[in-house]
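Participant: What follows is entry.csv; its format and atoms are CSV, C-alpha atoms.
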```csv
chain,number,residue,atom,x,y,z
A,1,MET,CA,-5.2,10.6,7.9
A,2,ASP,CA,-7.7,9.6,5.1
A,3,GLN,CA,-10.2,12.5,5.8
A,4,GLY,CA,-10.3,15.5,8.0
A,5,PRO,CA,-12.6,16.1,10.9
A,6,LEU,CA,-14.2,19.1,9.1
A,7,ALA,CA,-14.7,17.3,5.8
A,8,GLU,CA,-18.4,16.7,6.2
A,9,ARG,CA,-19.1,20.3,7.1
A,10,LEU,CA,-16.9,21.6,4.3
A,11,ILE,CA,-18.8,19.4,1.8
A,12,ALA,CA,-22.2,20.4,3.2
A,13,GLU,CA,-21.4,24.2,3.0
A,14,PHE,CA,-19.4,24.1,-0.2
A,15,ASP,CA,-22.1,25.4,-2.5
A,16,GLY,CA,-22.7,28.5,-0.3
A,17,MET,CA,-19.0,29.6,-0.3
A,18,SER,CA,-17.4,32.2,-2.4
A,19,ALA,CA,-14.9,31.1,-5.1
A,20,GLN,CA,-11.9,31.9,-2.9
A,21,LEU,CA,-13.4,30.0,0.1
A,22,ARG,CA,-14.1,27.1,-2.2
A,23,THR,CA,-10.5,27.0,-3.3
A,24,ALA,CA,-9.4,26.9,0.3
A,25,ALA,CA,-12.0,24.3,1.2
A,26,ARG,CA,-10.9,22.1,-1.7
A,27,TYR,CA,-7.3,22.2,-0.4
A,28,MET,CA,-8.4,21.2,3.1
A,29,LEU,CA,-10.5,18.3,1.6
A,30,ASP,CA,-7.6,17.1,-0.6
A,31,HIS,CA,-4.7,17.6,1.9
A,32,PRO,CA,-6.0,16.8,5.5
A,33,SER,CA,-2.6,15.8,6.8
A,34,ASP,CA,-1.0,19.0,5.6
A,35,VAL,CA,-3.7,21.0,7.4
A,36,ALA,CA,-2.4,19.4,10.6
A,37,LEU,CA,1.3,19.8,9.9
A,38,LEU,CA,1.9,22.9,7.8
A,39,SER,CA,1.6,26.6,8.8
A,40,MET,CA,-1.4,28.5,7.7
A,41,ARG,CA,0.7,30.7,5.3
A,42,GLU,CA,2.2,27.6,3.6
A,43,GLN,CA,-1.2,26.1,3.2
A,44,ALA,CA,-2.5,29.3,1.7
A,45,ARG,CA,0.5,29.4,-0.7
A,46,GLN,CA,-0.1,25.8,-1.8
A,47,ALA,CA,-3.9,26.4,-2.1
A,48,GLY,CA,-3.3,29.5,-4.2
A,49,VAL,CA,-5.1,31.9,-1.9
A,50,GLN,CA,-4.3,34.7,0.6
A,51,PRO,CA,-3.7,33.7,4.2
A,52,ALA,CA,-6.7,35.9,5.2
A,53,THR,CA,-8.9,33.5,3.1
A,54,MET,CA,-7.9,30.6,5.4
A,55,THR,CA,-9.0,32.7,8.4
A,56,ARG,CA,-12.3,33.6,6.7
A,57,LEU,CA,-12.9,30.0,6.0
A,58,ALA,CA,-12.4,29.0,9.6
A,59,LYS,CA,-14.9,31.7,10.7
A,60,HIS,CA,-17.3,30.6,8.0
A,61,LEU,CA,-17.2,27.2,9.7
A,62,GLY,CA,-18.0,28.8,13.0
A,63,LEU,CA,-14.5,28.7,14.5
A,64,GLU,CA,-12.6,31.5,16.0
A,65,GLY,CA,-9.6,31.3,13.7
A,66,TYR,CA,-7.5,29.0,11.6
A,67,ASP,CA,-5.5,27.8,14.7
A,68,ALA,CA,-8.7,26.0,15.8
A,69,VAL,CA,-8.8,24.3,12.4
A,70,ARG,CA,-5.2,23.1,12.7
A,71,ASP,CA,-5.8,22.0,16.3
A,72,SER,CA,-8.7,19.8,15.3
A,73,TYR,CA,-6.8,18.2,12.5
A,74,ALA,CA,-3.7,17.6,14.7
A,75,ALA,CA,-6.0,15.9,17.2
A,76,ALA,CA,-7.3,13.7,14.5
A,77,VAL,CA,-3.8,12.7,13.5
A,78,ARG,CA,-2.8,11.9,17.1
A,79,GLY,CA,-6.0,10.0,17.7
A,80,GLY,CA,-5.8,7.8,14.6
A,81,HIS,CA,-8.5,7.4,12.1
A,82,LEU,CA,-12.2,8.4,11.9
A,83,GLY,CA,-13.5,4.9,11.6
A,84,PHE,CA,-15.0,3.3,8.5
A,85,ALA,CA,-18.5,4.5,9.1
A,86,GLY,CA,-17.4,8.1,9.6
A,87,LYS,CA,-15.4,8.0,6.4
A,88,ALA,CA,-18.1,6.3,4.5
A,89,GLY,CA,-20.5,9.1,5.4
A,90,ILE,CA,-18.1,11.6,4.0
A,91,GLN,CA,-17.6,9.6,0.8
A,92,VAL,CA,-21.3,9.3,0.3
A,93,LYS,CA,-21.8,13.1,0.5
A,94,SER,CA,-18.7,13.7,-1.7
A,95,GLN,CA,-19.8,11.2,-4.3
A,96,LYS,CA,-23.3,12.6,-4.4
A,97,LEU,CA,-21.8,16.1,-4.9
A,98,LYS,CA,-19.3,15.1,-7.6
A,99,GLY,CA,-20.9,12.0,-9.3
A,100,ASP,CA,-19.8,8.4,-9.7
A,101,ARG,CA,-17.5,9.1,-12.7
A,102,ALA,CA,-15.7,11.9,-10.8
A,103,GLN,CA,-15.3,9.7,-7.7
A,104,ALA,CA,-13.8,6.9,-9.8
A,105,THR,CA,-11.5,9.3,-11.7
A,106,GLU,CA,-10.3,10.8,-8.4
A,107,MET,CA,-9.5,7.3,-7.0
A,108,MET,CA,-7.7,6.3,-10.2
A,109,ASP,CA,-5.7,9.6,-10.3
A,110,SER,CA,-4.8,9.1,-6.6
A,111,LEU,CA,-3.5,5.6,-7.3
A,112,ALA,CA,-1.5,6.6,-10.3
A,113,VAL,CA,0.3,9.3,-8.2
A,114,GLN,CA,0.9,6.9,-5.4
A,115,ILE,CA,2.3,4.1,-7.5
A,116,ALA,CA,4.6,6.6,-9.4
A,117,ARG,CA,6.0,7.8,-6.1
A,118,LEU,CA,7.1,4.2,-5.3
A,119,GLY,CA,9.6,4.6,-8.2
A,120,ARG,CA,11.6,7.3,-6.4
A,121,PRO,CA,15.2,6.3,-6.0
A,122,GLU,CA,15.1,6.3,-2.2
A,123,VAL,CA,12.0,4.0,-2.2
A,124,LEU,CA,13.6,1.6,-4.7
A,125,GLU,CA,16.7,1.4,-2.6
A,126,ARG,CA,14.6,0.3,0.4
A,127,ILE,CA,12.8,-2.3,-1.7
A,128,VAL,CA,16.1,-3.7,-3.1
A,129,ALA,CA,17.6,-3.9,0.4
A,130,ALA,CA,14.6,-5.7,1.7
A,131,ALA,CA,14.6,-8.1,-1.2
A,132,LYS,CA,18.3,-8.9,-0.6
A,133,ARG,CA,17.6,-9.7,3.1
A,134,LEU,CA,14.7,-11.9,2.1
A,135,ALA,CA,16.7,-13.7,-0.6
A,136,GLU,CA,19.5,-14.5,1.9
A,137,ALA,CA,17.1,-15.9,4.5
A,138,ARG,CA,16.8,-19.6,5.2
A,139,ARG,CA,13.0,-19.2,5.6
A,140,ILE,CA,10.6,-16.3,5.0
A,141,TYR,CA,7.7,-16.1,7.3
A,142,CYS,CA,4.9,-14.0,5.7
A,143,LEU,CA,2.4,-12.2,7.9
A,144,GLY,CA,-0.5,-10.0,7.1
A,145,LEU,CA,-4.0,-9.9,8.6
A,146,ARG,CA,-7.3,-8.4,7.6
A,147,SER,CA,-6.7,-5.9,4.6
A,148,SER,CA,-3.0,-6.7,4.7
A,149,HIS,CA,-3.6,-10.5,4.2
A,150,PRO,CA,-3.3,-10.3,0.3
A,151,ILE,CA,0.1,-8.7,0.7
A,152,ALA,CA,1.5,-11.6,2.7
A,153,TRP,CA,-0.4,-14.2,0.7
A,154,HIS,CA,0.9,-13.0,-2.7
A,155,VAL,CA,4.6,-13.0,-1.6
A,156,HIS,CA,4.1,-16.5,-0.1
A,157,TYR,CA,2.3,-17.8,-3.2
A,158,VAL,CA,5.0,-16.6,-5.6
A,159,LEU,CA,7.8,-17.9,-3.5
A,160,SER,CA,6.0,-21.3,-3.1
A,161,LEU,CA,6.3,-21.7,-6.9
A,162,ILE,CA,10.1,-21.7,-6.6
A,163,GLY,CA,10.8,-23.7,-3.4
A,164,GLU,CA,9.8,-24.4,0.1
A,165,SER,CA,11.4,-21.4,1.9
A,166,SER,CA,8.1,-19.5,2.5
A,167,VAL,CA,5.8,-20.0,5.4
A,168,LEU,CA,2.4,-18.2,5.6
A,169,LEU,CA,1.3,-17.3,9.1
A,170,ASP,CA,-2.4,-17.4,8.2
A,171,GLY,CA,-4.1,-18.0,11.6
A,172,ILE,CA,-6.3,-21.0,10.7
A,173,ALA,CA,-7.8,-22.4,13.9
A,174,GLY,CA,-5.9,-19.9,15.9
A,175,THR,CA,-2.5,-21.4,15.1
A,176,GLY,CA,-1.2,-18.6,12.9
A,177,ALA,CA,1.6,-17.6,15.2
A,178,ASP,CA,2.8,-21.2,16.0
A,179,ALA,CA,5.2,-21.5,13.1
A,180,ILE,CA,7.2,-18.4,14.1
A,181,GLY,CA,8.3,-20.2,17.2
A,182,ARG,CA,10.7,-22.2,15.0
A,183,ALA,CA,12.2,-19.1,13.4
A,184,THR,CA,15.8,-18.0,14.2
A,185,ASP,CA,18.1,-15.2,13.2
A,186,ALA,CA,18.7,-17.1,10.0
A,187,ASP,CA,15.1,-16.4,8.9
A,188,VAL,CA,13.1,-13.3,8.2
A,189,LEU,CA,9.6,-12.2,9.1
A,190,LEU,CA,8.0,-10.3,6.2
A,191,VAL,CA,5.0,-8.4,7.8
A,192,ALA,CA,2.4,-6.0,6.4
A,193,SER,CA,0.1,-3.7,8.4
A,194,VAL,CA,-1.4,-0.3,7.9
A,195,LEU,CA,-3.7,2.0,9.9
A,196,PRO,CA,-5.8,0.8,11.7
A,197,TYR,CA,-3.1,-1.6,12.8
A,198,THR,CA,-4.1,-5.1,13.7
A,199,ARG,CA,-3.1,-5.8,17.3
A,200,GLN,CA,-2.1,-9.5,16.7
A,201,THR,CA,0.1,-8.5,13.7
A,202,VAL,CA,2.1,-6.1,15.9
A,203,GLU,CA,2.3,-8.6,18.8
A,204,ILE,CA,3.6,-11.4,16.6
A,205,ALA,CA,6.2,-9.1,15.0
A,206,GLU,CA,7.3,-8.0,18.5
A,207,TYR,CA,7.6,-11.6,19.6
A,208,ALA,CA,9.7,-12.5,16.5
A,209,ALA,CA,12.0,-9.5,16.9
A,210,GLY,CA,12.4,-10.4,20.6
A,211,ARG,CA,13.7,-13.8,19.5
A,212,GLY,CA,16.3,-12.2,17.2
A,213,VAL,CA,14.3,-12.8,13.9
A,214,PRO,CA,15.0,-9.9,11.5
A,215,VAL,CA,11.8,-8.1,10.4
A,216,VAL,CA,11.0,-6.6,7.0
A,217,ALA,CA,7.9,-4.4,7.3
A,218,ILE,CA,5.5,-2.9,4.7
A,219,THR,CA,3.6,-0.2,6.5
A,220,ASP,CA,2.2,3.3,6.1
A,221,SER,CA,4.4,5.5,8.3
A,222,LYS,CA,7.9,5.9,9.6
A,223,VAL,CA,6.4,6.0,13.1
A,224,ALA,CA,4.0,3.1,12.6
A,225,PRO,CA,4.4,0.3,15.2
A,226,LEU,CA,6.1,-2.0,12.8
A,227,ALA,CA,8.5,0.7,11.8
A,228,GLN,CA,9.8,0.7,15.3
A,229,ILE,CA,10.5,-3.1,15.1
A,230,ALA,CA,11.8,-3.8,11.6
A,231,GLN,CA,15.3,-3.7,10.2
A,232,ASP,CA,13.9,-2.9,6.8
A,233,VAL,CA,10.9,-0.6,6.4
A,234,ILE,CA,9.0,0.1,3.2
A,235,VAL,CA,6.5,3.0,3.7
A,236,VAL,CA,3.5,2.9,1.3
A,237,PRO,CA,0.7,5.5,1.0
A,238,THR,CA,-2.8,4.4,1.9
A,239,HIS,CA,-4.8,7.6,1.5
A,240,SER,CA,-7.9,7.1,-0.7
A,241,PRO,CA,-10.9,9.1,-1.7
A,242,SER,CA,-12.8,6.0,-0.7
A,243,PHE,CA,-13.9,5.3,2.9
A,244,PHE,CA,-11.5,2.4,2.8
A,245,HIS,CA,-7.7,2.8,2.7
A,246,THR,CA,-6.0,1.7,-0.5
A,247,MET,CA,-3.8,-1.4,-0.5
A,248,ALA,CA,-2.7,-1.1,-4.1
A,249,PRO,CA,0.7,0.5,-3.4
A,250,ALA,CA,1.4,-2.1,-0.8
A,251,PHE,CA,0.4,-4.9,-3.2
A,252,ALA,CA,2.7,-3.4,-5.8
A,253,VAL,CA,5.6,-3.6,-3.4
A,254,ALA,CA,4.7,-7.2,-2.6
A,255,GLU,CA,4.8,-8.1,-6.3
A,256,ILE,CA,8.2,-6.4,-6.7
A,257,LEU,CA,9.7,-8.1,-3.6
A,258,ALA,CA,8.4,-11.5,-4.7
A,259,ALA,CA,9.9,-11.1,-8.2
A,260,LEU,CA,13.3,-9.9,-6.9
A,261,VAL,CA,13.6,-12.7,-4.4
A,262,ALA,CA,12.6,-15.2,-7.1
A,263,GLY,CA,15.2,-13.7,-9.4
A,264,HIS,CA,17.9,-14.3,-6.8
A,265,GLY,CA,17.1,-18.0,-6.9
A,266,GLY,CA,18.9,-18.4,-10.2
A,267,GLU,CA,19.1,-21.9,-11.8
A,268,SER,CA,17.7,-23.7,-8.7
A,269,ALA,CA,14.6,-21.6,-8.9
A,270,LEU,CA,14.2,-22.4,-12.6
A,271,ALA,CA,14.5,-26.1,-11.9
A,272,VAL,CA,11.8,-25.9,-9.3
A,273,LEU,CA,9.6,-23.9,-11.6
A,274,ARG,CA,9.9,-26.6,-14.3
A,275,CYS,CA,8.7,-29.1,-11.8
A,276,THR,CA,5.9,-26.8,-10.8
A,277,ASP,CA,4.8,-26.5,-14.4
A,278,GLU,CA,4.8,-30.2,-14.8
A,279,HIS,CA,2.8,-30.6,-11.6
A,280,HIS,CA,0.2,-28.1,-12.8
A,281,ALA,CA,0.0,-29.8,-16.2
A,282,ALA,CA,-0.5,-33.2,-14.6
A,283,LEU,CA,-3.4,-31.9,-12.5
A,284,ASN,CA,-4.8,-29.9,-15.3
A,285,ILE,CA,-4.8,-26.8,-13.1
A,286,HIS,CA,-5.1,-24.2,-15.8
A,287,LEU,CA,-7.5,-23.9,-18.8
A,288,LYS,CA,-5.9,-24.6,-22.1
A,289,PRO,CA,-6.4,-21.8,-24.7
A,290,ARG,CA,-9.0,-22.7,-27.4
A,291,LEU,CA,-8.0,-22.6,-31.0
A,292,GLY,CA,-7.8,-19.0,-32.1
A,293,MET,CA,-8.0,-17.7,-28.6
A,294,LYS,CA,-5.5,-15.1,-27.6
```
I need this file expressed as structure tokens, please.
Facilitator:
Amino acid sequence: MDQGPLAERLIAEFDGMSAQLRTAARYMLDHPSDVALLSMREQARQAGVQPATMTRLAKHLGLEGYDAVRDSYAAAVRGGHLGFAGKAGIQVKSQKLKGDRAQATEMMDSLAVQIARLGRPEVLERIVAAAKRLAEARRIYCLGLRSSHPIAWHVHYVLSLIGESSVLLDGIAGTGADAIGRATDADVLLVASVLPYTRQTVEIAEYAAGRGVPVVAITDSKVAPLAQIAQDVIVVPTHSPSFFHTMAPAFAVAEILAALVAGHGGESALAVLRCTDEHHAALNIHLKPRLGMK
């Protein structure tokens, strides 16, 4: 959940709150998922206030008690997201309250923490396992629609530099899913999708899995639709202070996967890369550095 259902009210009433209530309110704004999942006492402990403060905050917002707060956040989790317009309204108010620099700093700090968490041993193990499956495949079909398209495209592009094993399911003229009809259990579907999940992405992944094609998924939850389908699942965070979910952690995973798979190519990959360099030079693809340019 990117924002909580009470975020707009919390921001609107923030200036009129006591210092303790502000601390509790800031916790709710920064940790909306925890509000839905953790006990009131645990939330109070993490926020650094007394449990009674959480109850006072609920009543300040016109609710009977903190259970009503948790119920509303739990309903938001079950119901999905608030929609881009709803989250944009919250961001506008928050940005006006904090200022542009603070908004940018908050986004950068959030990304730094999220990227750092991808370096945890258990996450790296999943990335390495997924890369091994991809490297052993005859063909790698790459799928990502809407905000997830750059994830699929990047992996496909890097792998296209070292051979012909990658196929991008890009949907031009409505034919995006056609190529997957030729896939077998010797191939792999690499698919990316995060909330709000694109229906066509999930349907294509289900179709491929039904045909026995192994699936490697980059998604945002262990209970996401793709996580129920895939053999290898890499969970990436998407929470952002922006109204739009962040794709930077997913893109980082895509870069790592592409590099690891390319590394498995060994000498044959190097030979293809030399041909690629010659091809780019012949077509004058890249600007040549000017004298003295670094």
Participant: For the atom pair atom CA of Ser147 of chain A and atom CA of Ile285 of chain A, what is the interatomic distance in Å to one decimal place?
Facilitator: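 Distance between the two atoms: 27.5 Å.
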Participant: Please report, as lines of an AutoDock Vina configuration file, the centre and edge lengths in Å to one decimal of an axis-aligned box covering all listed atoms of segment 170-184 of chain A with 6 Å per side.
Facilitator:
```
center_x = 4.0
center_y = -19.9
center_z = 12.7
size_x = 35.6
size_y = 17.0
size_z = 21.0
```
Participant: Can you build me a table of segment 111-221 of chain A residues sitting at most 7 Å from segment 231-235 of chain A, with the closest atom pair per residue and its distance in Å to one decimal, using only C-alpha atoms, sorted by chain and residue number, as JSON lines?
Facilitator:
```
{"residue": "A:Arg126", "atom": "CA", "partner": "A:Ile234", "partner_atom": "CA", "distance": 6.3}
{"residue": "A:Ile127", "atom": "CA", "partner": "A:Ile234", "partner_atom": "CA", "distance": 6.6}
{"residue": "A:Ala130", "atom": "CA", "partner": "A:Asp232", "partner_atom": "CA", "distance": 5.9}
{"residue": "A:Pro214", "atom": "CA", "partner": "A:Gln231", "partner_atom": "CA", "distance": 6.3}
{"residue": "A:Val215", "atom": "CA", "partner": "A:Gln231", "partner_atom": "CA", "distance": 5.6}
{"residue": "A:Val216", "atom": "CA", "partner": "A:Asp232", "partner_atom": "CA", "distance": 4.7}
{"residue": "A:Ala217", "atom": "CA", "partner": "A:Val233", "partner_atom": "CA", "distance": 4.9}
{"residue": "A:Ile218", "atom": "CA", "partner": "A:Ile234", "partner_atom": "CA", "distance": 4.8}
{"residue": "A:Thr219", "atom": "CA", "partner": "A:Val235", "partner_atom": "CA", "distance": 5.1}
{"residue": "A:Asp220", "atom": "CA", "partner": "A:Val235", "partner_atom": "CA", "distance": 4.9}
{"residue": "A:Ser221", "atom": "CA", "partner": "A:Val235", "partner_atom": "CA", "distance": 5.6}
```
Participant: Between atom CA of Leu161 of chain A and atom CA of Leu118 of chain A, what distance in Å does the model show, to one decimal?
Facilitator: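 We find that atom CA of Leu161 of chain A and atom CA of Leu118 of chain A lie 26.0 Å from each other.
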Participant: So that I can check the surroundings of Pro249 of chain A, please list as an NGL selection string every protein, DNA and RNA residue that reaches within 6 Å of it, counting all atoms listed in the file and ignoring chain neighbours fewer than 3 positions away.
Facilitator: :A and (115 or 236 or 252)
Participant: Hey, can you spit out that residue selection with C-alpha atoms as a PDB file, keeping the file's coordinate frame?
Facilitator:
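The resulting file, part_0.pdb, is reproduced below:
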```pdb
ATOM      1  CA  ILE A 115       2.300   4.100  -7.500  1.00  0.00           C
ATOM      2  CA  VAL A 236       3.500   2.900   1.300  1.00  0.00           C
ATOM      3  CA  ALA A 252       2.700  -3.400  -5.800  1.00  0.00           C
TER       4      ALA A 252
END
```
Participant: Nearest to Gly48 of chain A among A:His60, A:Lys132, A:Lys288, A:Arg22, with distances taken over only C-alpha atoms: which residue is it?
Facilitator: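 For Gly48 of chain A, the nearest of the given residues is A:Arg22.
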Participant: Pick out the residues sitting within 8 Å of Ala205 of chain A, and hand them over as a ChimeraX atom specification; count all atoms listed in the file, and ignore anything fewer than 3 positions along from it in its own chain.
Facilitator: /A:189,191,201-202,208-209,215,226,229
Participant: For His149 of chain A, which of A:Met108, A:Ala224, A:Ala19, A:Met247 is the closest residue, counting only C-alpha atoms?
Facilitator: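 The shortest atom-to-atom distance to His149 of chain A comes from A:Met247.
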Participant: Of the candidates A:Ala230, A:Leu145, A:Ala183, A:Ala75, which shows the shortest atom-to-atom distance to Leu195 of chain A, using only C-alpha atoms?
Facilitator: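 Using only C-alpha atoms, Leu195 of chain A sits closest to A:Leu145.
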Participant: Could you pull the residues within 8 Å of segment 38-41 of chain A, counting all atoms listed in the file, minus those fewer than 4 positions along the same chain, as a ChimeraX atom specification?
Facilitator: /A:34,45,50-51,54,66
Participant: Report, in Å to a single decimal, how far apart atom CA of Ala152 of chain A and atom CA of Ala248 of chain A are.
Facilitator: 13.2 Å
Participant: With distances taken over only C-alpha atoms, which of A:Gly4, A:Gly263, A:Gly65, A:Gly144 is nearest to Arg199 of chain A?
Facilitator: A:Gly144
